[in-house]
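Visitor: Got a file for you: entry-v3.tsv, TSV, C-alpha atoms and all ligand atoms.
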```tsv
chain	number	residue	atom	x	y	z
A	1	MET	CA	0.00	0.00	0.00
A	2	ALA	CA	1.49	3.33	-0.96
A	3	VAL	CA	-0.90	6.00	0.16
A	4	TYR	CA	0.43	7.32	3.42
A	5	THR	CA	-1.29	10.69	3.46
A	6	GLU	CA	-5.05	11.06	3.71
A	7	LEU	CA	-6.28	13.58	1.21
A	8	PRO	CA	-9.20	15.69	2.44
A	9	ASP	CA	-11.39	16.99	-0.44
A	10	ALA	CA	-10.98	20.61	0.58
A	11	GLU	CA	-7.17	20.40	0.63
A	12	LEU	CA	-7.13	18.72	-2.78
A	13	ALA	CA	-9.49	21.30	-4.23
A	14	SER	CA	-7.39	24.18	-3.05
A	15	PHE	CA	-4.21	22.50	-4.36
A	16	LEU	CA	-5.77	21.88	-7.78
A	17	ALA	CA	-7.06	25.44	-7.95
A	18	ALA	CA	-3.48	26.53	-8.62
A	19	TYR	CA	-3.42	24.50	-11.86
A	20	ASP	CA	-5.19	24.83	-15.17
A	21	LEU	CA	-6.43	21.27	-15.35
A	22	GLY	CA	-10.19	21.76	-15.45
A	23	SER	CA	-12.49	20.18	-12.94
A	24	LEU	CA	-11.68	17.02	-11.02
A	25	GLU	CA	-13.25	13.85	-12.40
A	26	GLN	CA	-11.65	11.14	-10.30
A	27	ILE	CA	-8.82	10.54	-7.87
A	28	THR	CA	-7.66	7.05	-6.92
A	29	GLY	CA	-4.86	6.00	-4.59
A	30	ILE	CA	-2.18	3.84	-6.23
A	31	CYS	CA	-1.28	0.72	-4.26
A	32	ALA	CA	2.05	0.04	-6.01
A	33	GLY	CA	5.18	1.92	-4.97
A	34	THR	CA	6.79	2.29	-1.62
A	35	GLU	CA	8.24	5.70	-0.99
A	36	ASN	CA	5.58	8.28	-1.77
A	37	SER	CA	1.82	8.64	-1.74
A	38	ASN	CA	0.69	8.41	-5.36
A	39	PHE	CA	-2.74	8.99	-6.86
A	40	PHE	CA	-4.13	8.67	-10.35
A	41	LEU	CA	-5.76	12.02	-11.02
A	42	ASP	CA	-8.28	12.44	-13.82
A	43	THR	CA	-9.49	15.92	-14.64
A	44	GLN	CA	-11.19	17.57	-17.58
A	45	GLY	CA	-7.68	18.42	-18.75
A	46	GLY	CA	-6.39	14.85	-18.92
A	47	ARG	CA	-4.91	12.02	-16.89
A	48	PHE	CA	-2.15	12.68	-14.38
A	49	VAL	CA	-0.36	11.27	-11.34
A	50	LEU	CA	-0.33	13.27	-8.13
A	51	THR	CA	2.62	12.52	-5.86
A	52	ILE	CA	2.94	13.59	-2.26
A	53	PHE	CA	6.60	13.22	-1.33
A	54	GLU	CA	7.00	11.41	1.95
A	55	ARG	CA	10.76	11.05	2.26
A	56	LEU	CA	12.79	13.39	0.08
A	57	PRO	CA	13.77	16.75	1.51
A	58	ARG	CA	11.87	19.48	-0.32
A	59	GLU	CA	14.98	21.18	-1.64
A	60	SER	CA	16.17	17.99	-3.36
A	61	ILE	CA	12.97	17.41	-5.34
A	62	PRO	CA	13.18	20.05	-8.11
A	63	TYR	CA	16.28	18.36	-9.58
A	64	TYR	CA	14.32	15.15	-10.23
A	65	LEU	CA	11.39	17.01	-11.73
A	66	HIS	CA	13.74	19.04	-13.93
A	67	VAL	CA	15.44	15.84	-15.14
A	68	THR	CA	12.13	14.27	-16.17
A	69	GLU	CA	10.98	17.49	-17.78
A	70	TRP	CA	14.21	17.70	-19.77
A	71	LEU	CA	14.18	14.05	-20.82
A	72	SER	CA	10.55	14.18	-21.78
A	73	GLN	CA	11.23	17.26	-23.91
A	74	HIS	CA	14.02	15.26	-25.55
A	75	GLY	CA	11.87	12.32	-26.57
A	76	ILE	CA	12.19	9.96	-23.58
A	77	PRO	CA	8.91	8.53	-22.27
A	78	CYS	CA	8.95	9.77	-18.70
A	79	PRO	CA	6.52	11.79	-16.60
A	80	ALA	CA	6.84	15.47	-17.41
A	81	PRO	CA	5.82	17.63	-14.46
A	82	VAL	CA	2.78	19.86	-14.86
A	83	HIS	CA	3.30	23.55	-14.15
A	84	SER	CA	0.86	25.50	-12.05
A	85	ARG	CA	-0.55	28.74	-13.41
A	86	ALA	CA	2.23	30.49	-11.53
A	87	GLY	CA	4.79	28.29	-13.31
A	88	GLU	CA	5.63	26.14	-10.28
A	89	ILE	CA	6.31	22.41	-10.55
A	90	LEU	CA	6.41	21.72	-6.82
A	91	GLY	CA	3.57	22.69	-4.52
A	92	THR	CA	2.43	21.85	-1.00
A	93	LEU	CA	-0.40	19.49	-0.15
A	94	CYS	CA	-1.30	18.42	3.39
A	95	GLY	CA	1.84	20.20	4.53
A	96	LYS	CA	4.12	18.08	2.32
A	97	PRO	CA	5.80	18.68	-1.03
A	98	ALA	CA	3.58	17.55	-3.91
A	99	ALA	CA	3.69	17.52	-7.70
A	100	ILE	CA	1.44	16.60	-10.59
A	101	VAL	CA	3.06	14.73	-13.47
A	102	GLN	CA	1.85	13.22	-16.73
A	103	ARG	CA	0.28	9.80	-16.44
A	104	LEU	CA	1.98	7.40	-18.82
A	105	ALA	CA	0.31	4.43	-20.46
A	106	GLY	CA	1.47	0.84	-20.08
A	107	GLN	CA	2.23	-1.79	-17.44
A	108	SER	CA	5.37	-2.98	-15.76
A	109	ILE	CA	6.39	-6.59	-16.37
A	110	GLU	CA	7.79	-7.03	-12.87
A	111	GLY	CA	7.49	-10.62	-11.72
A	112	ARG	CA	8.10	-12.34	-15.01
A	113	VAL	CA	11.17	-12.97	-17.17
A	114	PRO	CA	11.43	-10.34	-19.92
A	115	ASN	CA	11.39	-11.53	-23.49
A	116	GLU	CA	14.15	-10.69	-25.95
A	117	ALA	CA	12.15	-7.94	-27.67
A	118	GLU	CA	11.49	-6.23	-24.32
A	119	ILE	CA	15.18	-6.40	-23.36
A	120	SER	CA	16.15	-5.05	-26.73
A	121	ALA	CA	13.72	-2.14	-26.35
A	122	LEU	CA	15.15	-1.51	-22.89
A	123	GLY	CA	18.77	-1.40	-24.10
A	124	GLN	CA	17.91	1.05	-26.86
A	125	LEU	CA	15.81	3.23	-24.58
A	126	LEU	CA	18.55	3.41	-21.94
A	127	ALA	CA	21.10	4.54	-24.53
A	128	ARG	CA	18.63	7.12	-25.87
A	129	MET	CA	18.03	8.34	-22.32
A	130	HIS	CA	21.77	8.78	-21.75
A	131	LEU	CA	22.21	10.71	-24.96
A	132	ALA	CA	19.11	12.80	-24.27
A	133	GLY	CA	20.57	13.84	-20.91
A	134	ARG	CA	23.52	15.55	-22.60
A	135	GLY	CA	23.19	19.27	-22.15
A	136	PHE	CA	21.02	19.01	-19.06
A	137	PRO	CA	22.29	22.05	-17.19
A	138	GLU	CA	22.17	20.90	-13.55
A	139	GLU	CA	25.03	19.00	-11.94
A	140	HIS	CA	24.16	16.35	-9.39
A	141	PRO	CA	26.91	13.78	-8.68
A	142	ASN	CA	25.34	10.38	-8.04
A	143	PRO	CA	24.59	10.49	-4.31
A	144	ALA	CA	25.06	6.70	-4.20
A	145	GLY	CA	28.46	6.63	-5.91
A	146	LEU	CA	31.67	5.03	-4.70
A	147	GLY	CA	31.87	7.33	-1.67
A	148	TRP	CA	28.38	6.29	-0.57
A	149	CYS	CA	29.33	2.61	-0.89
A	150	GLN	CA	32.46	3.11	1.21
A	151	GLU	CA	30.63	5.07	3.91
A	152	THR	CA	27.55	2.82	4.01
A	153	GLY	CA	29.78	-0.25	4.13
A	154	ARG	CA	31.66	1.24	7.06
A	155	ARG	CA	28.43	1.93	8.99
A	156	LEU	CA	27.00	-1.49	8.25
A	157	PHE	CA	30.13	-3.46	9.08
A	158	PRO	CA	29.42	-4.04	12.81
A	159	LYS	CA	25.90	-5.28	12.02
A	160	LEU	CA	26.98	-8.02	9.61
A	161	SER	CA	27.74	-11.71	9.97
A	162	PRO	CA	31.40	-12.83	9.65
A	163	ALA	CA	30.79	-14.07	6.09
A	164	GLU	CA	29.10	-10.82	5.08
A	165	ARG	CA	31.95	-8.84	6.64
A	166	GLU	CA	34.51	-10.78	4.70
A	167	LEU	CA	32.67	-10.16	1.44
A	168	LEU	CA	32.14	-6.50	2.19
A	169	ALA	CA	35.74	-5.87	3.25
A	170	ASP	CA	37.02	-7.40	0.04
A	171	GLU	CA	34.57	-5.44	-2.10
A	172	ARG	CA	35.39	-2.14	-0.44
A	173	GLU	CA	39.06	-2.70	-1.15
A	174	THR	CA	38.76	-4.23	-4.62
A	175	GLN	CA	36.27	-1.76	-6.02
A	176	LYS	CA	38.58	1.18	-5.41
A	177	GLN	CA	40.38	0.16	-8.59
A	178	TRP	CA	37.32	0.87	-10.76
A	179	PRO	CA	36.59	4.60	-10.54
A	180	ARG	CA	33.92	5.86	-12.88
A	181	ASP	CA	34.70	9.55	-13.20
A	182	LYS	CA	36.87	9.30	-16.34
A	183	LEU	CA	34.31	7.43	-18.41
A	184	PRO	CA	31.58	8.72	-20.72
A	185	GLY	CA	28.66	9.68	-18.57
A	186	GLY	CA	26.07	12.19	-17.55
A	187	VAL	CA	22.58	11.84	-16.13
A	188	ILE	CA	21.78	8.24	-15.21
A	189	HIS	CA	18.50	6.82	-13.90
A	190	ALA	CA	20.36	4.57	-11.41
A	191	ASP	CA	17.28	2.49	-10.49
A	192	LEU	CA	15.78	1.30	-13.78
A	193	PHE	CA	14.41	-1.92	-12.33
A	194	PRO	CA	11.41	-3.72	-13.89
A	195	ASP	CA	8.93	-1.92	-11.61
A	196	ASN	CA	10.08	1.39	-13.08
A	197	VAL	CA	9.47	0.63	-16.77
A	198	LEU	CA	6.05	0.55	-18.42
A	199	PHE	CA	5.40	-1.42	-21.59
A	200	GLN	CA	2.63	-1.72	-24.14
A	201	GLY	CA	3.43	-4.89	-26.01
A	202	ASN	CA	7.17	-4.73	-26.66
A	203	THR	CA	7.22	-0.94	-26.70
A	204	ILE	CA	8.35	1.07	-23.71
A	205	THR	CA	5.77	3.73	-22.94
A	206	GLY	CA	7.15	4.97	-19.67
A	207	THR	CA	10.12	5.14	-17.34
A	208	ILE	CA	9.32	6.36	-13.84
A	209	ASP	CA	10.81	6.85	-10.38
A	210	TYR	CA	13.82	9.01	-11.16
A	211	TYR	CA	14.49	9.68	-7.48
A	212	TYR	CA	17.92	8.03	-7.50
A	213	ALA	CA	19.04	9.84	-10.67
A	214	GLY	CA	22.36	11.66	-10.74
A	215	ASP	CA	25.55	12.05	-12.75
A	216	ASP	CA	27.64	8.94	-13.21
A	217	ALA	CA	29.15	6.67	-15.88
A	218	TRP	CA	26.61	5.52	-18.45
A	219	LEU	CA	28.10	2.04	-18.50
A	220	TYR	CA	27.38	1.75	-14.77
A	221	ASP	CA	23.69	2.50	-15.41
A	222	LEU	CA	23.65	-0.25	-18.01
A	223	ALA	CA	25.24	-2.58	-15.45
A	224	ILE	CA	22.48	-1.76	-12.94
A	225	VAL	CA	19.93	-2.67	-15.59
A	226	ALA	CA	21.76	-5.89	-16.52
A	227	ASN	CA	21.75	-7.11	-12.92
A	228	ALA	CA	18.11	-6.18	-12.37
A	229	TRP	CA	16.75	-7.63	-15.63
A	230	CYS	CA	19.16	-10.37	-16.67
A	231	SER	CA	19.83	-12.40	-13.49
A	232	PHE	CA	18.67	-15.91	-12.73
A	233	PRO	CA	17.28	-16.60	-9.23
A	234	ASP	CA	20.68	-17.98	-8.14
A	235	GLY	CA	22.24	-14.62	-9.05
A	236	SER	CA	24.04	-15.85	-12.14
A	237	LEU	CA	23.89	-13.77	-15.29
A	238	ASP	CA	21.52	-14.73	-18.09
A	239	LYS	CA	24.20	-14.28	-20.73
A	240	ASN	CA	21.76	-14.49	-23.62
A	241	LEU	CA	19.59	-11.65	-22.29
A	242	ALA	CA	22.61	-9.63	-21.18
A	243	ALA	CA	24.13	-9.88	-24.67
A	244	ILE	CA	20.88	-8.69	-26.23
A	245	LEU	CA	20.75	-5.79	-23.79
A	246	TRP	CA	24.35	-4.84	-24.52
A	247	GLN	CA	23.95	-5.03	-28.30
A	248	ALA	CA	20.71	-3.06	-28.27
A	249	TYR	CA	22.35	-0.36	-26.18
A	250	GLU	CA	25.39	-0.31	-28.44
A	251	SER	CA	23.25	0.03	-31.55
A	252	VAL	CA	22.28	3.50	-30.25
A	253	ARG	CA	25.45	4.53	-28.39
A	254	PRO	CA	28.56	2.68	-29.54
A	255	PHE	CA	30.91	2.00	-26.64
A	256	GLU	CA	34.26	3.71	-26.42
A	257	ARG	CA	37.37	1.57	-26.21
A	258	ARG	CA	38.04	2.66	-22.61
A	259	GLU	CA	34.66	1.23	-21.55
A	260	HIS	CA	35.28	-2.27	-22.80
A	261	GLY	CA	37.09	-3.88	-19.88
A	262	LEU	CA	34.69	-2.45	-17.35
A	263	TRP	CA	31.42	-4.22	-18.07
A	264	PHE	CA	31.92	-6.97	-15.49
A	265	PRO	CA	33.52	-4.74	-12.84
A	266	TYR	CA	30.59	-2.35	-13.09
A	267	MET	CA	28.02	-5.12	-12.78
A	268	ARG	CA	29.90	-6.02	-9.62
A	269	ALA	CA	29.84	-2.39	-8.46
A	270	ALA	CA	26.11	-2.17	-9.19
A	271	ALA	CA	25.49	-5.39	-7.27
A	272	LEU	CA	27.39	-4.00	-4.27
A	273	ARG	CA	25.35	-0.78	-4.39
A	274	PHE	CA	22.00	-2.60	-4.18
A	275	TRP	CA	23.22	-5.17	-1.66
A	276	LEU	CA	24.26	-2.26	0.59
A	277	LEU	CA	21.03	-0.33	-0.05
A	278	ARG	CA	18.96	-3.32	1.02
A	279	LEU	CA	21.20	-4.07	4.02
A	280	GLU	CA	20.92	-0.45	5.06
A	281	ALA	CA	17.11	-0.61	4.93
A	282	LYS	CA	17.23	-3.79	7.01
A	283	HIS	CA	19.72	-2.70	9.67
A	284	PHE	CA	18.96	1.02	9.84
A	285	PRO	CA	15.20	1.28	9.25
A	286	ARG	CA	14.09	4.86	9.02
A	287	GLY	CA	11.62	6.10	11.64
A	288	GLY	CA	8.11	4.98	10.63
A	289	GLN	CA	9.69	2.85	7.89
A	290	LEU	CA	7.63	3.31	4.76
A	291	THR	CA	9.80	1.38	2.40
A	292	GLU	CA	8.99	-2.25	1.80
A	293	LEU	CA	11.99	-4.40	2.72
A	294	ARG	CA	13.67	-5.97	-0.28
A	295	ASP	CA	15.77	-9.05	0.16
A	296	PRO	CA	19.50	-8.25	0.56
A	297	GLU	CA	20.40	-11.88	-0.11
A	298	GLU	CA	19.15	-11.59	-3.68
A	299	TYR	CA	21.81	-8.97	-4.32
A	300	GLN	CA	24.44	-10.79	-2.28
A	301	ARG	CA	23.98	-13.74	-4.66
A	302	ILE	CA	24.27	-11.45	-7.68
A	303	LEU	CA	27.42	-9.90	-6.21
A	304	GLU	CA	28.98	-13.29	-5.53
A	305	ARG	CA	28.25	-14.47	-9.06
A	306	ARG	CA	29.67	-11.28	-10.62
A	307	ARG	CA	32.89	-11.72	-8.62
A	308	GLU	CA	33.50	-14.85	-10.68
A	309	PHE	CA	34.07	-12.67	-13.76
A	310	CYS	CA	36.63	-10.17	-12.53
D	1	LIG	N1	3.71	8.87	-14.35
D	1	LIG	C1	3.12	7.71	-14.16
D	1	LIG	N2	2.32	7.18	-15.10
D	1	LIG	C2	1.69	6.01	-14.87
D	1	LIG	N3	1.79	5.29	-13.75
D	1	LIG	C3	2.58	5.78	-12.78
D	1	LIG	C4	3.29	7.00	-12.93
D	1	LIG	N4	3.98	7.23	-11.79
D	1	LIG	C5	3.72	6.20	-10.98
D	1	LIG	N5	2.87	5.33	-11.57
D	1	LIG	C6	2.32	4.11	-10.97
D	1	LIG	O1	2.47	4.24	-9.58
D	1	LIG	C7	3.26	3.17	-9.05
D	1	LIG	C8	4.13	3.70	-7.95
D	1	LIG	O2	5.03	4.66	-8.46
D	1	LIG	P1	6.51	4.77	-7.94
D	1	LIG	O3	7.12	5.98	-8.57
D	1	LIG	O4	7.22	3.48	-8.10
D	1	LIG	O5	6.23	5.02	-6.41
D	1	LIG	P2	7.24	5.21	-5.23
D	1	LIG	O6	7.99	6.46	-5.51
D	1	LIG	O7	6.35	5.32	-4.05
D	1	LIG	O8	8.13	3.98	-5.18
D	1	LIG	C9	4.01	2.61	-10.23
D	1	LIG	O9	4.25	1.25	-10.08
D	1	LIG	C10	3.04	2.86	-11.39
D	1	LIG	O10	2.07	1.83	-11.44
D	2	LIG	N1	15.09	-0.89	-6.86
D	2	LIG	C1	15.78	-0.95	-5.61
D	2	LIG	C2	15.19	-0.15	-4.50
D	2	LIG	C3	14.52	1.14	-4.87
D	2	LIG	O1	13.16	0.97	-4.66
D	2	LIG	P1	12.03	1.81	-5.42
D	2	LIG	O2	10.75	1.25	-4.90
D	2	LIG	O3	12.25	3.23	-5.02
D	2	LIG	O4	12.22	1.57	-6.90
D	2	LIG	C4	15.92	-2.39	-5.11
D	2	LIG	O5	15.32	-3.26	-5.73
D	2	LIG	O6	16.60	-2.60	-4.12
```
When written as structure tokens, how does the structure in this file appear?
Guide:
Amino acid sequence: MAVYTELPDAELASFLAAYDLGSLEQITGICAGTENSNFFLDTQGGRFVLTIFERLPRESIPYYLHVTEWLSQHGIPCPAPVHSRAGEILGTLCGKPAAIVQRLAGQSIEGRVPNEAEISALGQLLARMHLAGRGFPEEHPNPAGLGWCQETGRRLFPKLSPAERELLADERETQKQWPRDKLPGGVIHADLFPDNVLFQGNTITGTIDYYYAGDDAWLYDLAIVANAWCSFPDGSLDKNLAAILWQAYESVRPFERREHGLWFPYMRAAALRFWLLRLEAKHFPRGGQLTELRDPEEYQRILERRREFC
């Protein structure tokens, strides 16, 4: 369930009065999602999603809305924010930051193995997204980059089992040799998991949930996607799907020579990032934990399998 904030009619009406969307037809809470309160909002003016931000500090939110506005203006299917009559993209509803964005068509395929056409569409779309982000004027170093991994690993260390500690210690040391700052990069989604991609047939109609976006190496973003979409339950890589993903991506953005040796190291780095994220949620739950706990062991298995390659 992802509606954490009750929405009194009067508050909604006064919030909507700031926008030019015509009269309200229907508002329905969205069960999927974990971080924010989301509602499908139908008005005379069209179909939208209303998000009340439950976790992110207000000052950090405009960056994410600007990214999606920019990408959507550059041909990427993602939710463009709606401006109020005063030109604002972020308002206040029930005392919390809130925004209205375009509602995109399509369904996620989370829970089933993607087919080759879907993976191919995903690889091409990711490369298009990376290229579309060129020229985006705001800088925002990936908040979950190598520094985050080192620091989060340090905080987690005392909480872990001896086997987890051994793995983590080795990763923290080994991964220092694979910096990402000298590689082609720019805005990356950084969380393009199956629940964040909407399809109609084999066509991608939406990419959502840009709240981990930031600047980092493009190849690393592709590695995040490879782990999330092309792993068997035992963590091993589905090499057939991963090759299709890679080729589809490359058909839009050919790799540079300096990227070649880093595909496996970056899948390993991406596996460490999500193992740590899930361990952090488990061992340091935030007050009034809203986020559904995802299994750290899934990403530990992926990490262990990726270590076999490099
Ligand atoms: N712009 C959108 N268009 C269509 N559906 C959306 C849109 N944004 C969110 N959704 C729906 O809402 C669900 C939750 O959104 P998500 O951004 O994942 O929430 P959270 O930030 O709480 O994790 C998604 O799974 C999707 O079904
Ligand atoms: N995709 C990540 C966690 C981020 O969760 P989201 O609900 O914000 O997409 C994971 O699987 O660990």
Visitor: Given all atoms listed in the file, how would the per-residue table for chain A near ligand LIG 2 (chain D) read, listing every residue at most 6 Å away with its closest atom pair and distance in Å to one decimal, sorted by chain and number, as JSON lines?
Guide:
```
{"residue": "A:Gly33", "atom": "CA", "partner": "D:LIG2", "partner_atom": "O2", "distance": 5.6}
{"residue": "A:Thr34", "atom": "CA", "partner": "D:LIG2", "partner_atom": "O2", "distance": 5.2}
{"residue": "A:Asp191", "atom": "CA", "partner": "D:LIG2", "partner_atom": "N1", "distance": 5.4}
{"residue": "A:Phe193", "atom": "CA", "partner": "D:LIG2", "partner_atom": "N1", "distance": 5.6}
{"residue": "A:Phe274", "atom": "CA", "partner": "D:LIG2", "partner_atom": "O6", "distance": 5.4}
{"residue": "A:Arg278", "atom": "CA", "partner": "D:LIG2", "partner_atom": "O6", "distance": 5.7}
{"residue": "A:Arg294", "atom": "CA", "partner": "D:LIG2", "partner_atom": "O6", "distance": 5.9}
```
Visitor: Give the padded box for segment 146-164 of chain A as lines of an AutoDock Vina configuration file: axis-aligned, covering all atoms listed in the file, 6 Å on each side, centre and edge lengths in Å to one decimal.
Guide:
```
center_x = 29.2
center_y = -3.4
center_z = 4.1
size_x = 18.6
size_y = 33.4
size_z = 29.5
```
Visitor: Fewer than 4 positions away in the same chain doesn't count, so skip those; otherwise give me all residues within 10 Å of segment 222-231 of chain A, counting all atoms listed in the file, as JSON, numbers by chain.
Guide: {"A": [110, 112, 113, 114, 119, 122, 123, 126, 127, 130, 188, 189, 190, 191, 192, 193, 194, 217, 218, 235, 236, 237, 238, 239, 240, 241, 242, 243, 244, 245, 246, 249, 262, 263, 264, 265, 266, 267, 268, 269, 270, 271, 273, 274, 298, 299, 301, 302, 303, 305, 306]}
Visitor: Could you check the closest approach to Gln150 of chain A for each of A:Asp20, A:Glu171, A:Glu88, A:Glu304 and tell me which residue wins, using all atoms listed in the file?
Guide: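 Residue with the minimum atom-to-atom distance to Gln150 of chain A: A:Glu171.
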Visitor: How would you report the residues lying within 6 Å of ligand LIG 1 (chain D), as a PyMOL selection string, if you count all atoms listed in the file?
Guide: chain A and resi 30+32-36+49+79+101-105+195+208-209
Visitor: Mind checking which residues fall within 7 Å of Phe39 of chain A, counting only C-alpha atoms, ignoring those fewer than 6 positions away in the same chain, and posting them as a JSON list (two decimals) with C-alpha atoms, keeping the file's coordinate frame?
Guide:
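Written file, out_39.json:
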```json
[["chain", "number", "residue", "atom", "x", "y", "z"],
["A", 27, "ILE", "CA", -8.82, 10.54, -7.87],
["A", 28, "THR", "CA", -7.66, 7.05, -6.92],
["A", 29, "GLY", "CA", -4.86, 6.00, -4.59],
["A", 30, "ILE", "CA", -2.18, 3.84, -6.23],
["A", 49, "VAL", "CA", -0.36, 11.27, -11.34],
["A", 50, "LEU", "CA", -0.33, 13.27, -8.13],
["A", 51, "THR", "CA", 2.62, 12.52, -5.86]]
```
Visitor: Quick one: pull the distance between atom CA of Pro141 of chain A and atom CA of Lys182 of chain A, Å, one decimal.
Guide: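 Distance between the two atoms: 13.3 Å.
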Visitor: Here is a test: counting only C-alpha atoms, which residue of A:Ala121, A:Leu146, A:Leu167, A:Leu7 is nearest to Val197 of chain A?
Guide: A:Ala121
Visitor: Between A:Pro137, A:Leu160, A:Tyr4, A:Tyr211, which has the minimum distance to Pro57 of chain A (counting only C-alpha atoms)?
Guide: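 Checking each of A:Pro137, A:Leu160, A:Tyr4, A:Tyr211 against Pro57 of chain A, counting only C-alpha atoms, the winner is A:Tyr211.
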Visitor: Between A:Leu277, A:Ile100, A:Ala18, A:Leu90, which has the minimum distance to Leu41 of chain A (counting all atoms listed in the file)?
Guide: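 The answer is A:Ile100, which sits nearest to Leu41 of chain A.
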Visitor: Separation of atom CA of Phe255 of chain A and atom CA of Tyr212 of chain A, in Å?
Guide: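 We find that atom CA of Phe255 of chain A and atom CA of Tyr212 of chain A lie 23.9 Å from each other.
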Visitor: Rounded to one decimal place, report the atom CA of His283 of chain A-atom CA of Lys159 of chain A distance in Å.
Guide: 7.1 Å
Visitor: Would you mind listing what lies within 7 Å of Gln107 of chain A as a ChimeraX atom specification, with only C-alpha atoms counted and same-chain residues fewer than 2 positions away left out?
Guide: /A:109,198-200
